[in-house]
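J.: The file below is work-v6.cif, mmCIF, C-alpha atoms:
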```cif
data_start
loop_
_atom_site.label_atom_id
_atom_site.label_comp_id
_atom_site.auth_asym_id
_atom_site.auth_seq_id
_atom_site.Cartn_x
_atom_site.Cartn_y
_atom_site.Cartn_z
CA MET E 1 -76.56 -14.42 18.95
CA SER E 2 -78.78 -17.33 17.94
CA LEU E 3 -77.99 -20.89 18.92
CA SER E 4 -75.78 -22.78 16.48
CA ALA E 5 -75.97 -26.54 16.06
CA LYS E 6 -72.82 -26.75 18.17
CA ASP E 7 -74.43 -24.70 20.96
CA LYS E 8 -77.54 -26.88 21.00
CA ALA E 9 -75.43 -30.03 21.16
CA ALA E 10 -73.37 -28.59 24.02
CA VAL E 11 -76.51 -27.62 25.95
CA LYS E 12 -78.11 -31.03 25.51
CA ASP E 13 -74.84 -32.68 26.48
CA LEU E 14 -74.51 -30.62 29.65
CA TRP E 15 -78.21 -31.03 30.48
CA ALA E 16 -77.87 -34.81 30.29
CA LYS E 17 -75.16 -34.61 32.95
CA LEU E 18 -77.00 -32.30 35.30
CA SER E 19 -80.71 -33.11 34.88
CA GLY E 20 -80.48 -35.60 37.74
CA ARG E 21 -79.75 -32.71 40.10
CA ALA E 22 -82.15 -30.25 38.51
CA ASP E 23 -84.12 -29.74 41.74
CA ASP E 24 -80.95 -28.98 43.73
CA ILE E 25 -79.79 -26.59 41.04
CA GLY E 26 -83.12 -24.76 41.01
CA GLN E 27 -83.26 -24.45 44.79
CA ASP E 28 -79.64 -23.25 45.01
CA ALA E 29 -79.97 -20.74 42.15
CA LEU E 30 -83.13 -19.27 43.62
CA SER E 31 -81.61 -19.11 47.13
CA ARG E 32 -78.60 -17.27 45.79
CA MET E 33 -80.76 -14.85 43.80
CA LEU E 34 -82.75 -13.90 46.90
CA VAL E 35 -79.60 -13.36 48.99
CA VAL E 36 -77.32 -11.70 46.44
CA TYR E 37 -80.00 -9.58 44.74
CA PRO E 38 -82.39 -8.67 47.57
CA GLN E 39 -84.60 -6.62 45.26
CA THR E 40 -85.86 -9.92 43.78
CA LYS E 41 -87.52 -10.70 47.10
CA THR E 42 -90.22 -8.20 46.17
CA TYR E 43 -91.79 -10.87 43.95
CA PHE E 44 -92.20 -13.30 46.83
CA SER E 45 -93.82 -11.20 49.55
CA HIS E 46 -96.49 -13.91 49.78
CA TRP E 47 -93.98 -16.54 50.97
CA LYS E 48 -93.54 -17.24 54.64
CA ASP E 49 -89.86 -18.12 54.43
CA LEU E 50 -87.39 -16.62 51.96
CA SER E 51 -84.23 -18.08 53.48
CA PRO E 52 -81.90 -20.29 51.42
CA GLY E 53 -83.18 -23.84 51.11
CA SER E 54 -86.57 -23.13 52.68
CA ALA E 55 -89.65 -25.12 51.65
CA PRO E 56 -91.17 -22.48 49.33
CA VAL E 57 -87.73 -21.88 47.75
CA ARG E 58 -87.22 -25.61 47.16
CA LYS E 59 -90.66 -26.01 45.66
CA HIS E 60 -90.27 -23.02 43.39
CA GLY E 61 -86.78 -24.05 42.32
CA LYS E 62 -88.34 -27.29 41.07
CA THR E 63 -90.96 -25.36 39.12
CA VAL E 64 -88.37 -23.13 37.48
CA MET E 65 -86.10 -26.02 36.50
CA SER E 66 -88.95 -27.97 34.94
CA GLY E 67 -89.44 -24.90 32.77
CA VAL E 68 -85.76 -25.04 31.84
CA ALA E 69 -86.10 -28.74 31.05
CA GLU E 70 -89.04 -27.96 28.77
CA ALA E 71 -86.93 -25.31 27.05
CA VAL E 72 -84.12 -27.82 26.43
CA SER E 73 -86.59 -30.18 24.76
CA LYS E 74 -87.88 -27.33 22.60
CA ILE E 75 -84.49 -25.83 21.88
CA ASP E 76 -85.10 -25.77 18.15
CA ASP E 77 -87.95 -23.27 18.49
CA LEU E 78 -88.01 -21.63 21.88
CA THR E 79 -90.35 -18.80 20.91
CA SER E 80 -93.28 -21.01 19.93
CA GLY E 81 -92.35 -23.77 22.35
CA LEU E 82 -92.53 -21.46 25.38
CA LEU E 83 -95.58 -19.46 24.33
CA ASN E 84 -97.65 -20.55 27.34
CA LEU E 85 -94.87 -19.72 29.77
CA SER E 86 -94.39 -16.37 28.09
CA GLU E 87 -98.07 -15.54 28.50
CA LEU E 88 -97.88 -16.57 32.16
CA HIS E 89 -94.90 -14.29 32.83
CA ALA E 90 -96.26 -11.39 30.77
CA PHE E 91 -99.86 -11.22 31.89
CA GLN E 92 -99.97 -12.85 35.29
CA LEU E 93 -96.56 -12.79 36.94
CA ARG E 94 -95.37 -9.61 35.23
CA ILE E 95 -91.79 -10.11 36.29
CA ASP E 96 -89.48 -7.39 34.97
CA PRO E 97 -87.41 -9.14 32.29
CA ALA E 98 -84.19 -7.74 33.80
CA ASN E 99 -84.64 -10.39 36.46
CA PHE E 100 -84.31 -13.22 33.92
CA LYS E 101 -80.68 -12.17 33.51
CA ILE E 102 -80.18 -12.22 37.27
CA LEU E 103 -81.58 -15.73 37.70
CA SER E 104 -79.62 -16.95 34.65
CA HIS E 105 -76.40 -15.66 36.21
CA ASN E 106 -77.13 -17.54 39.42
CA ILE E 107 -77.89 -20.75 37.52
CA LEU E 108 -74.47 -20.45 35.88
CA VAL E 109 -72.77 -19.88 39.27
CA VAL E 110 -74.50 -23.00 40.66
CA LEU E 111 -73.37 -25.06 37.66
CA ALA E 112 -69.81 -23.87 38.32
CA THR E 113 -69.94 -24.92 41.98
CA MET E 114 -71.62 -28.30 41.30
CA PHE E 115 -69.93 -29.34 38.05
CA PRO E 116 -66.52 -27.61 38.01
CA THR E 117 -64.96 -29.99 35.46
CA ASP E 118 -67.96 -30.21 33.14
CA PHE E 119 -68.64 -26.46 33.15
CA THR E 120 -65.82 -25.67 30.76
CA PRO E 121 -65.62 -22.28 28.98
CA GLU E 122 -67.25 -23.90 25.91
CA ALA E 123 -70.10 -25.32 28.01
CA HIS E 124 -70.40 -21.94 29.75
CA VAL E 125 -70.82 -19.94 26.53
CA ALA E 126 -73.38 -22.41 25.14
CA MET E 127 -75.37 -22.38 28.38
CA ASP E 128 -75.23 -18.59 28.65
CA LYS E 129 -76.49 -18.23 25.07
CA PHE E 130 -79.25 -20.76 25.76
CA LEU E 131 -80.41 -18.97 28.91
CA CYS E 132 -80.39 -15.65 27.01
CA ALA E 133 -82.50 -17.20 24.24
CA LEU E 134 -84.80 -18.70 26.86
CA SER E 135 -85.21 -15.31 28.55
CA LEU E 136 -85.97 -13.71 25.22
CA ALA E 137 -88.64 -16.31 24.45
CA LEU E 138 -90.14 -15.71 27.92
CA SER E 139 -90.32 -11.95 27.23
CA GLU E 140 -91.98 -12.52 23.86
CA LYS E 141 -95.52 -11.66 24.99
CA TYR E 142 -94.67 -8.70 27.23
CA ARG E 143 -95.52 -6.01 24.71
CA MET X 1 -68.01 5.60 51.66
CA VAL X 2 -68.59 1.86 51.40
CA GLU X 3 -69.60 0.08 54.58
CA TRP X 4 -68.23 -3.42 54.97
CA THR X 5 -69.49 -5.88 57.59
CA GLU X 6 -67.00 -8.02 59.50
CA PHE X 7 -68.22 -11.02 57.52
CA GLU X 8 -67.65 -9.26 54.19
CA ARG X 9 -64.13 -8.13 55.11
CA THR X 10 -63.12 -11.56 56.37
CA THR X 11 -64.65 -13.29 53.37
CA ILE X 12 -62.81 -11.13 50.84
CA GLN X 13 -59.47 -11.36 52.63
CA ASP X 14 -59.95 -15.11 52.99
CA ILE X 15 -60.78 -15.75 49.34
CA PHE X 16 -57.87 -13.71 48.00
CA SER X 17 -55.28 -14.89 50.52
CA LYS X 18 -55.90 -18.49 49.43
CA MET X 19 -56.08 -17.68 45.73
CA ASN X 20 -53.48 -18.56 43.12
CA TYR X 21 -53.50 -15.24 41.25
CA ASP X 22 -51.72 -16.65 38.19
CA VAL X 23 -54.16 -19.51 37.68
CA VAL X 24 -57.31 -17.57 38.49
CA GLY X 25 -56.17 -14.60 36.41
CA GLN X 26 -55.50 -16.76 33.35
CA GLN X 27 -58.72 -18.74 33.74
CA SER X 28 -60.92 -15.69 34.25
CA LEU X 29 -59.58 -13.68 31.33
CA ALA X 30 -59.55 -16.71 29.00
CA ARG X 31 -63.10 -17.60 29.98
CA CYS X 32 -64.18 -14.01 29.33
CA LEU X 33 -62.67 -14.08 25.83
CA VAL X 34 -64.48 -17.37 25.10
CA VAL X 35 -67.87 -16.58 26.63
CA TYR X 36 -68.01 -12.96 25.43
CA PRO X 37 -65.98 -13.04 22.19
CA TRP X 38 -66.47 -9.35 21.46
CA THR X 39 -64.10 -8.61 24.35
CA GLN X 40 -61.32 -9.85 22.07
CA ARG X 41 -61.45 -6.42 20.43
CA TYR X 42 -58.99 -5.15 23.04
CA PHE X 43 -56.42 -7.83 22.34
CA GLY X 44 -55.72 -7.56 18.62
CA ASN X 45 -52.01 -8.20 19.12
CA PHE X 46 -52.39 -11.30 21.28
CA GLY X 47 -51.98 -13.71 18.36
CA ASN X 48 -54.11 -16.83 18.11
CA LEU X 49 -57.57 -16.34 19.67
CA TYR X 50 -59.43 -18.33 17.01
CA ASN X 51 -61.05 -20.93 19.23
CA ALA X 52 -61.50 -21.83 22.89
CA ALA X 53 -58.48 -24.17 22.96
CA ALA X 54 -56.23 -21.49 21.45
CA ILE X 55 -57.46 -18.89 23.95
CA MET X 56 -57.05 -21.19 26.94
CA GLY X 57 -53.47 -21.99 25.88
CA ASN X 58 -52.43 -18.48 24.82
CA PRO X 59 -49.45 -17.27 26.90
CA MET X 60 -50.24 -13.56 26.37
CA VAL X 61 -53.73 -14.13 27.76
CA ALA X 62 -52.21 -15.87 30.77
CA ALA X 63 -49.75 -13.03 31.32
CA HIS X 64 -52.45 -10.41 31.07
CA GLY X 65 -54.79 -12.33 33.35
CA ARG X 66 -52.01 -12.14 35.93
CA VAL X 67 -51.74 -8.36 35.49
CA VAL X 68 -55.49 -7.93 36.01
CA LEU X 69 -55.60 -10.05 39.16
CA HIS X 70 -52.65 -8.23 40.68
CA GLY X 71 -54.54 -5.03 39.93
CA LEU X 72 -57.46 -6.45 41.91
CA ASP X 73 -55.12 -7.07 44.80
CA LYS X 74 -54.85 -3.30 45.25
CA ALA X 75 -58.55 -3.18 46.07
CA VAL X 76 -58.25 -6.13 48.45
CA LYS X 77 -55.53 -4.26 50.34
CA ASN X 78 -57.42 -0.94 50.37
CA MET X 79 -61.00 -1.97 50.99
CA ASP X 80 -61.78 1.23 52.88
CA ASN X 81 -60.85 3.47 50.00
CA ILE X 82 -60.97 1.61 46.74
CA LYS X 83 -62.16 4.77 44.98
CA ALA X 84 -58.92 6.62 45.74
CA ALA X 85 -56.73 3.59 45.22
CA TYR X 86 -58.17 3.12 41.72
CA ALA X 87 -58.17 6.75 40.52
CA GLU X 88 -55.14 6.27 38.30
CA LEU X 89 -56.26 2.88 37.00
CA SER X 90 -59.59 4.44 36.10
CA VAL X 91 -57.94 7.19 34.08
CA LEU X 92 -55.75 4.57 32.39
CA HIS X 93 -58.74 2.43 31.32
CA SER X 94 -60.64 5.47 30.08
CA GLU X 95 -58.02 7.67 28.46
CA LYS X 96 -55.40 5.22 27.27
CA LEU X 97 -57.03 1.80 26.92
CA HIS X 98 -60.50 3.04 25.88
CA VAL X 99 -62.24 0.07 27.46
CA ASP X 100 -66.05 0.14 27.49
CA PRO X 101 -66.90 -0.16 31.22
CA ASP X 102 -69.49 -2.84 30.44
CA ASN X 103 -66.56 -5.17 29.98
CA PHE X 104 -65.58 -4.84 33.64
CA ARG X 105 -68.85 -6.50 34.57
CA LEU X 106 -68.34 -9.29 32.03
CA LEU X 107 -64.87 -10.06 33.37
CA GLY X 108 -66.22 -9.82 36.91
CA ASP X 109 -68.88 -12.42 36.12
CA CYS X 110 -66.26 -14.79 34.71
CA LEU X 111 -64.09 -14.28 37.79
CA THR X 112 -67.13 -15.15 39.93
CA VAL X 113 -67.67 -18.37 37.96
CA VAL X 114 -63.98 -19.37 38.27
CA VAL X 115 -63.93 -18.71 42.03
CA ALA X 116 -67.26 -20.55 42.40
CA ALA X 117 -65.81 -23.58 40.59
CA GLN X 118 -62.76 -23.55 42.89
CA LEU X 119 -64.66 -23.17 46.16
CA GLY X 120 -67.63 -25.41 45.33
CA ALA X 121 -70.08 -25.66 48.22
CA ALA X 122 -67.93 -23.26 50.26
CA PHE X 123 -69.08 -20.54 47.85
CA THR X 124 -72.32 -20.11 49.79
CA PRO X 125 -74.96 -17.53 48.85
CA GLU X 126 -73.60 -15.22 51.59
CA VAL X 127 -70.02 -15.57 50.35
CA GLN X 128 -71.24 -14.94 46.80
CA ALA X 129 -73.03 -11.78 47.97
CA ALA X 130 -69.86 -10.47 49.64
CA PHE X 131 -67.74 -11.31 46.60
CA GLN X 132 -70.13 -9.68 44.14
CA LYS X 133 -70.44 -6.57 46.35
CA PHE X 134 -66.65 -6.29 46.36
CA LEU X 135 -66.54 -6.61 42.56
CA ALA X 136 -69.32 -4.02 42.21
CA VAL X 137 -67.30 -1.51 44.25
CA VAL X 138 -64.17 -2.24 42.21
CA ILE X 139 -66.08 -1.81 38.95
CA SER X 140 -67.68 1.42 40.13
CA SER X 141 -64.26 2.79 41.13
CA LEU X 142 -62.78 1.81 37.78
CA GLN X 143 -65.57 3.68 36.00
CA ARG X 144 -65.33 6.77 38.18
CA GLN X 145 -62.90 8.81 36.07
CA TYR X 146 -64.63 8.17 32.76
CA HIS X 147 -66.15 11.26 31.16
#
```
What is this file in structure tokens?
T.:
Amino acid sequence: MSLSAKDKAAVKDLWAKLSGRADDIGQDALSRMLVVYPQTKTYFSHWKDLSPGSAPVRKHGKTVMSGVAEAVSKIDDLTSGLLNLSELHAFQLRIDPANFKILSHNILVVLATMFPTDFTPEAHVAMDKFLCALSLALSEKYR
Amino acid sequence: MVEWTEFERTTIQDIFSKMNYDVVGQQSLARCLVVYPWTQRYFGNFGNLYNAAAIMGNPMVAAHGRVVLHGLDKAVKNMDNIKAAYAELSVLHSEKLHVDPDNFRLLGDCLTVVVAAQLGAAFTPEVQAAFQKFLAVVISSLQRQYH
């Protein structure tokens, strides 16, 4: 399920449309994740406020989306491009990789709510594949 | 026994009462066939599924999407005992249709995306949680008679 040239073009195309709202997307996706999948809150026990749109959620949403932006720019070789991020997640954060799928799903839901006409089935499949590939690259250093 | 809060009940009834089952059914199934192409394995006799445009315009896909959504309606109308309401449907999907239950989740995710696109900001995190909980119960009930 590797990214074809068509997939990469579709992802870059969609990213161009939504990068202006990247922070909003990140904050919304994270908020949804914490509400809809409460088990993910276990990773943020050090935050004071886990409610949707709170300051730590907004800040972290920004962080996550800048990682996604980096991935888009390195779409031709995600594994080597995201090596540092993979090491961070594997050795320091140690987030169970099952959660990458959960956050990816919520990013897709946010894209559907914010960009209903642009998030066509073709854009959806390309984005889903990209987020899967991204998650895989992030898990690279786990074991 | 599934416990539903007032908010969850109201949310589910609200979403489905305002929904155009024909449109949402067609869009969800078509999206599923595009985003997860291996699901096409169950629709060998549906004719042209060669590309996204063909799938989106395929009348058999539209008709079947309608069937699926009307099946979902049964759960909406029997929220306090979806397990019993779906016993026969579960046997059907297992014994006759031989559908891998993983596919229920894939279709459920596409339905979530379609509903999210329709409701926009009104599809808040809390509404999403209620909707996904409802789908999880439906999927669990559909899987129940598999052996």
J.: List the neighbours of region 11-13 of chain X out to 8 Å using all atoms listed in the file; skip same-chain residues closer than 6 positions along the sequence, and give me the result as a list in words.
T.: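 Near neighbours after the sequence-gap exclusion: Val76, Val127, Ala130, Phe131 and Phe134 of chain X.
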J.: Taking (-69.0, -23.2, 25.9) in the file's own coordinates, collect the residues within 9 Å, counting only C-alpha atoms, and hand them back as an MDAnalysis selection string.
T.: (chainID E and resid 7 10:11 119:128) or (chainID X and resid 34:35 52)
J.: So what do you get for CA of Lys133 (chain X) versus CA of Met65 (chain E), distance-wise?
T.: 26.8 Å
J.: Taking only C-alpha atoms into account, what are the residues of chain E at most 10 Å from chain X, put as an mmCIF file with C-alpha atoms, in the coordinates of the input?
T.:
```
data_model
loop_
_atom_site.group_PDB
_atom_site.id
_atom_site.type_symbol
_atom_site.label_atom_id
_atom_site.label_comp_id
_atom_site.auth_asym_id
_atom_site.auth_seq_id
_atom_site.Cartn_x
_atom_site.Cartn_y
_atom_site.Cartn_z
ATOM 1 C CA ASP E 28 -79.640 -23.250 45.010
ATOM 2 C CA ALA E 29 -79.970 -20.740 42.150
ATOM 3 C CA LEU E 30 -83.130 -19.270 43.620
ATOM 4 C CA SER E 31 -81.610 -19.110 47.130
ATOM 5 C CA ARG E 32 -78.600 -17.270 45.790
ATOM 6 C CA MET E 33 -80.760 -14.850 43.800
ATOM 7 C CA LEU E 34 -82.750 -13.900 46.900
ATOM 8 C CA VAL E 35 -79.600 -13.360 48.990
ATOM 9 C CA VAL E 36 -77.320 -11.700 46.440
ATOM 10 C CA TYR E 37 -80.000 -9.580 44.740
ATOM 11 C CA PRO E 38 -82.390 -8.670 47.570
ATOM 12 C CA PRO E 52 -81.900 -20.290 51.420
ATOM 13 C CA HIS E 105 -76.400 -15.660 36.210
ATOM 14 C CA ASN E 106 -77.130 -17.540 39.420
ATOM 15 C CA LEU E 108 -74.470 -20.450 35.880
ATOM 16 C CA VAL E 109 -72.770 -19.880 39.270
ATOM 17 C CA VAL E 110 -74.500 -23.000 40.660
ATOM 18 C CA LEU E 111 -73.370 -25.060 37.660
ATOM 19 C CA ALA E 112 -69.810 -23.870 38.320
ATOM 20 C CA THR E 113 -69.940 -24.920 41.980
ATOM 21 C CA MET E 114 -71.620 -28.300 41.300
ATOM 22 C CA PHE E 115 -69.930 -29.340 38.050
ATOM 23 C CA PRO E 116 -66.520 -27.610 38.010
ATOM 24 C CA THR E 117 -64.960 -29.990 35.460
ATOM 25 C CA PHE E 119 -68.640 -26.460 33.150
ATOM 26 C CA THR E 120 -65.820 -25.670 30.760
ATOM 27 C CA PRO E 121 -65.620 -22.280 28.980
ATOM 28 C CA GLU E 122 -67.250 -23.900 25.910
ATOM 29 C CA ALA E 123 -70.100 -25.320 28.010
ATOM 30 C CA HIS E 124 -70.400 -21.940 29.750
ATOM 31 C CA VAL E 125 -70.820 -19.940 26.530
ATOM 32 C CA ALA E 126 -73.380 -22.410 25.140
ATOM 33 C CA MET E 127 -75.370 -22.380 28.380
ATOM 34 C CA ASP E 128 -75.230 -18.590 28.650
ATOM 35 C CA LYS E 129 -76.490 -18.230 25.070
#
```
J.: Given only C-alpha atoms as the basis, pick out the residue of X:Thr5, X:Gln26, X:Asn78, X:Thr10 nearest to Pro59 (chain X).
T.: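 Among the listed residues, X:Gln26 lies closest to Pro59 (chain X).
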J.: Once the PyMOL selection byres ((chain X and resi 80) around 12) has been evaluated on this model, what residues remain selected, and can you format them as number ranges by chain?
T.: X: 1-5, 9, 74-79, 81-86, 134, 137-138
J.: Near region 68-70 of chain E, counting all atoms listed in the file, which residues have an atom at most 9 Å away, once you skip same-chain residues fewer than 5 positions from it, shown as a PyMOL selection string?
T.: chain E and resi 15+19+22+63+75+81-82+131+134
J.: For the selection you just gave me, I'd like the residues written to a file as an mmCIF file, in the coordinates of the input, keeping C-alpha atoms.
T.:
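File again_34.cif, as written:
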```
data_model
loop_
_atom_site.group_PDB
_atom_site.id
_atom_site.type_symbol
_atom_site.label_atom_id
_atom_site.label_comp_id
_atom_site.auth_asym_id
_atom_site.auth_seq_id
_atom_site.Cartn_x
_atom_site.Cartn_y
_atom_site.Cartn_z
ATOM 1 C CA TRP E 15 -78.210 -31.030 30.480
ATOM 2 C CA SER E 19 -80.710 -33.110 34.880
ATOM 3 C CA ALA E 22 -82.150 -30.250 38.510
ATOM 4 C CA THR E 63 -90.960 -25.360 39.120
ATOM 5 C CA ILE E 75 -84.490 -25.830 21.880
ATOM 6 C CA GLY E 81 -92.350 -23.770 22.350
ATOM 7 C CA LEU E 82 -92.530 -21.460 25.380
ATOM 8 C CA LEU E 131 -80.410 -18.970 28.910
ATOM 9 C CA LEU E 134 -84.800 -18.700 26.860
#
```
J.: Kindly compute an axis-aligned box around the listed atoms of region 109-124 of chain E, allowing 8 Å on each side, and express its centre and edge lengths in Å to one decimal as AutoDock Vina command-line options.
T.:
```
--center_x -69.7 --center_y -25.0 --center_z 33.9 --size_x 25.5 --size_y 26.3 --size_z 32.1
```
J.: Have a look at CA of Phe130 (chain E) and CA of Ser2 (chain E) and let me know their distance in Å, one decimal.
T.: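 The value is 8.6 Å.
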J.: Between CA of Asp24 (chain E) and CA of Asp118 (chain E), what is the distance in Å, rounded to a tenth?
T.: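 Pair CA of Asp24 (chain E) / CA of Asp118 (chain E) returns 16.8 Å.
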J.: Counting all atoms listed in the file, which residue out of X:Asn58, X:Ser140, X:Asn103, X:Ser17 sits closest to Asn45 (chain X)?
T.: X:Asn58
J.: To verify the selection step, state as a PyMOL selection string which residues the PyMOL selection byres ((chain E and resi 43) around 12) yields on this input.
T.: chain E and resi 33-34+37-42+44-47+50+93-96+99
J.: Could you check the closest approach to Leu142 (chain X) for each of X:Gly108, X:Gly57, X:Gly25, X:Pro101 and tell me which residue wins, using all atoms listed in the file?
T.: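 Going through X:Gly108, X:Gly57, X:Gly25, X:Pro101 one by one, the smallest distance to Leu142 (chain X) is for X:Pro101.
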J.: Between E:Ile25, E:Val72, E:Leu83, E:Ala90, which has the minimum distance to His60 (chain E) (counting only C-alpha atoms)?
T.: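 Residue with the minimum atom-to-atom distance to His60 (chain E): E:Ile25.
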J.: Written as a ChimeraX atom specification, which residues does the PyMOL selection byres ((chain X and resi 147) around 12) give for the file shown?
T.: /X:90-91,93-95,98,100-101,143-146
J.: Find the residue from E:Ala71, E:Leu14, E:Val64, E:Ala133 that sits nearest to Leu103 (chain E); use all atoms listed in the file when measuring.
T.: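 Selected residue with least distance to Leu103 (chain E): E:Val64.
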J.: Just region 61-79 of chain X from the block, N, CA, C and O atoms, as a PDB file, in the first residue's frame, could you?
T.:
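Result file is part_14.pdb:
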```
ATOM      1  N   VAL X  61     -24.499   0.316  -6.570  1.00  0.00           N
ATOM      2  CA  VAL X  61     -23.878   0.759  -5.317  1.00  0.00           C
ATOM      3  C   VAL X  61     -24.863   1.637  -4.559  1.00  0.00           C
ATOM      4  O   VAL X  61     -25.066   1.488  -3.358  1.00  0.00           O
ATOM      5  N   ALA X  62     -25.504   2.535  -5.300  1.00  0.00           N
ATOM      6  CA  ALA X  62     -26.481   3.444  -4.680  1.00  0.00           C
ATOM      7  C   ALA X  62     -27.619   2.645  -4.044  1.00  0.00           C
ATOM      8  O   ALA X  62     -28.006   2.895  -2.892  1.00  0.00           O
ATOM      9  N   ALA X  63     -28.123   1.670  -4.804  1.00  0.00           N
ATOM     10  CA  ALA X  63     -29.234   0.859  -4.295  1.00  0.00           C
ATOM     11  C   ALA X  63     -28.828   0.100  -3.044  1.00  0.00           C
ATOM     12  O   ALA X  63     -29.566   0.042  -2.058  1.00  0.00           O
ATOM     13  N   HIS X  64     -27.629  -0.449  -3.072  1.00  0.00           N
ATOM     14  CA  HIS X  64     -27.196  -1.223  -1.918  1.00  0.00           C
ATOM     15  C   HIS X  64     -26.886  -0.360  -0.700  1.00  0.00           C
ATOM     16  O   HIS X  64     -27.110  -0.762   0.438  1.00  0.00           O
ATOM     17  N   GLY X  65     -26.381   0.845  -0.978  1.00  0.00           N
ATOM     18  CA  GLY X  65     -26.133   1.791   0.118  1.00  0.00           C
ATOM     19  C   GLY X  65     -27.429   2.069   0.862  1.00  0.00           C
ATOM     20  O   GLY X  65     -27.468   2.165   2.093  1.00  0.00           O
ATOM     21  N   ARG X  66     -28.504   2.190   0.081  1.00  0.00           N
ATOM     22  CA  ARG X  66     -29.838   2.425   0.636  1.00  0.00           C
ATOM     23  C   ARG X  66     -30.240   1.272   1.553  1.00  0.00           C
ATOM     24  O   ARG X  66     -30.723   1.476   2.668  1.00  0.00           O
ATOM     25  N   VAL X  67     -30.021   0.043   1.070  1.00  0.00           N
ATOM     26  CA  VAL X  67     -30.360  -1.159   1.853  1.00  0.00           C
ATOM     27  C   VAL X  67     -29.630  -1.143   3.196  1.00  0.00           C
ATOM     28  O   VAL X  67     -30.223  -1.378   4.251  1.00  0.00           O
ATOM     29  N   VAL X  68     -28.349  -0.837   3.152  1.00  0.00           N
ATOM     30  CA  VAL X  68     -27.521  -0.827   4.369  1.00  0.00           C
ATOM     31  C   VAL X  68     -28.029   0.212   5.361  1.00  0.00           C
ATOM     32  O   VAL X  68     -28.190  -0.066   6.551  1.00  0.00           O
ATOM     33  N   LEU X  69     -28.302   1.416   4.877  1.00  0.00           N
ATOM     34  CA  LEU X  69     -28.768   2.471   5.790  1.00  0.00           C
ATOM     35  C   LEU X  69     -30.111   2.148   6.403  1.00  0.00           C
ATOM     36  O   LEU X  69     -30.348   2.419   7.579  1.00  0.00           O
ATOM     37  N   HIS X  70     -30.997   1.539   5.599  1.00  0.00           N
ATOM     38  CA  HIS X  70     -32.293   1.162   6.169  1.00  0.00           C
ATOM     39  C   HIS X  70     -32.126   0.051   7.196  1.00  0.00           C
ATOM     40  O   HIS X  70     -32.894  -0.049   8.154  1.00  0.00           O
ATOM     41  N   GLY X  71     -31.082  -0.756   7.027  1.00  0.00           N
ATOM     42  CA  GLY X  71     -30.752  -1.764   8.028  1.00  0.00           C
ATOM     43  C   GLY X  71     -30.312  -1.101   9.324  1.00  0.00           C
ATOM     44  O   GLY X  71     -30.635  -1.546  10.425  1.00  0.00           O
ATOM     45  N   LEU X  72     -29.597   0.006   9.185  1.00  0.00           N
ATOM     46  CA  LEU X  72     -29.114   0.751  10.357  1.00  0.00           C
ATOM     47  C   LEU X  72     -30.280   1.361  11.122  1.00  0.00           C
ATOM     48  O   LEU X  72     -30.245   1.491  12.353  1.00  0.00           O
ATOM     49  N   ASP X  73     -31.322   1.675  10.390  1.00  0.00           N
ATOM     50  CA  ASP X  73     -32.498   2.289  10.980  1.00  0.00           C
ATOM     51  C   ASP X  73     -33.089   1.396  12.076  1.00  0.00           C
ATOM     52  O   ASP X  73     -33.631   1.882  13.079  1.00  0.00           O
ATOM     53  N   LYS X  74     -32.972   0.081  11.863  1.00  0.00           N
ATOM     54  CA  LYS X  74     -33.491  -0.885  12.837  1.00  0.00           C
ATOM     55  C   LYS X  74     -32.828  -0.682  14.205  1.00  0.00           C
ATOM     56  O   LYS X  74     -33.479  -0.804  15.246  1.00  0.00           O
ATOM     57  N   ALA X  75     -31.536  -0.380  14.167  1.00  0.00           N
ATOM     58  CA  ALA X  75     -30.800  -0.149  15.414  1.00  0.00           C
ATOM     59  C   ALA X  75     -31.225   1.163  16.047  1.00  0.00           C
ATOM     60  O   ALA X  75     -31.370   1.270  17.269  1.00  0.00           O
ATOM     61  N   VAL X  76     -31.447   2.183  15.187  1.00  0.00           N
ATOM     62  CA  VAL X  76     -31.877   3.495  15.689  1.00  0.00           C
ATOM     63  C   VAL X  76     -33.204   3.361  16.429  1.00  0.00           C
ATOM     64  O   VAL X  76     -33.434   3.993  17.449  1.00  0.00           O
ATOM     65  N   LYS X  77     -34.099   2.482  15.889  1.00  0.00           N
ATOM     66  CA  LYS X  77     -35.416   2.333  16.480  1.00  0.00           C
ATOM     67  C   LYS X  77     -35.438   1.340  17.643  1.00  0.00           C
ATOM     68  O   LYS X  77     -36.459   1.205  18.314  1.00  0.00           O
ATOM     69  N   ASN X  78     -34.333   0.636  17.877  1.00  0.00           N
ATOM     70  CA  ASN X  78     -34.292  -0.362  18.956  1.00  0.00           C
ATOM     71  C   ASN X  78     -33.039  -0.218  19.794  1.00  0.00           C
ATOM     72  O   ASN X  78     -32.382  -1.205  20.120  1.00  0.00           O
ATOM     73  N   MET X  79     -32.732   1.020  20.155  1.00  0.00           N
ATOM     74  CA  MET X  79     -31.449   1.289  20.817  1.00  0.00           C
ATOM     75  C   MET X  79     -31.260   0.496  22.103  1.00  0.00           C
ATOM     76  O   MET X  79     -30.133   0.258  22.513  1.00  0.00           O
TER      77      MET X  79
END
```
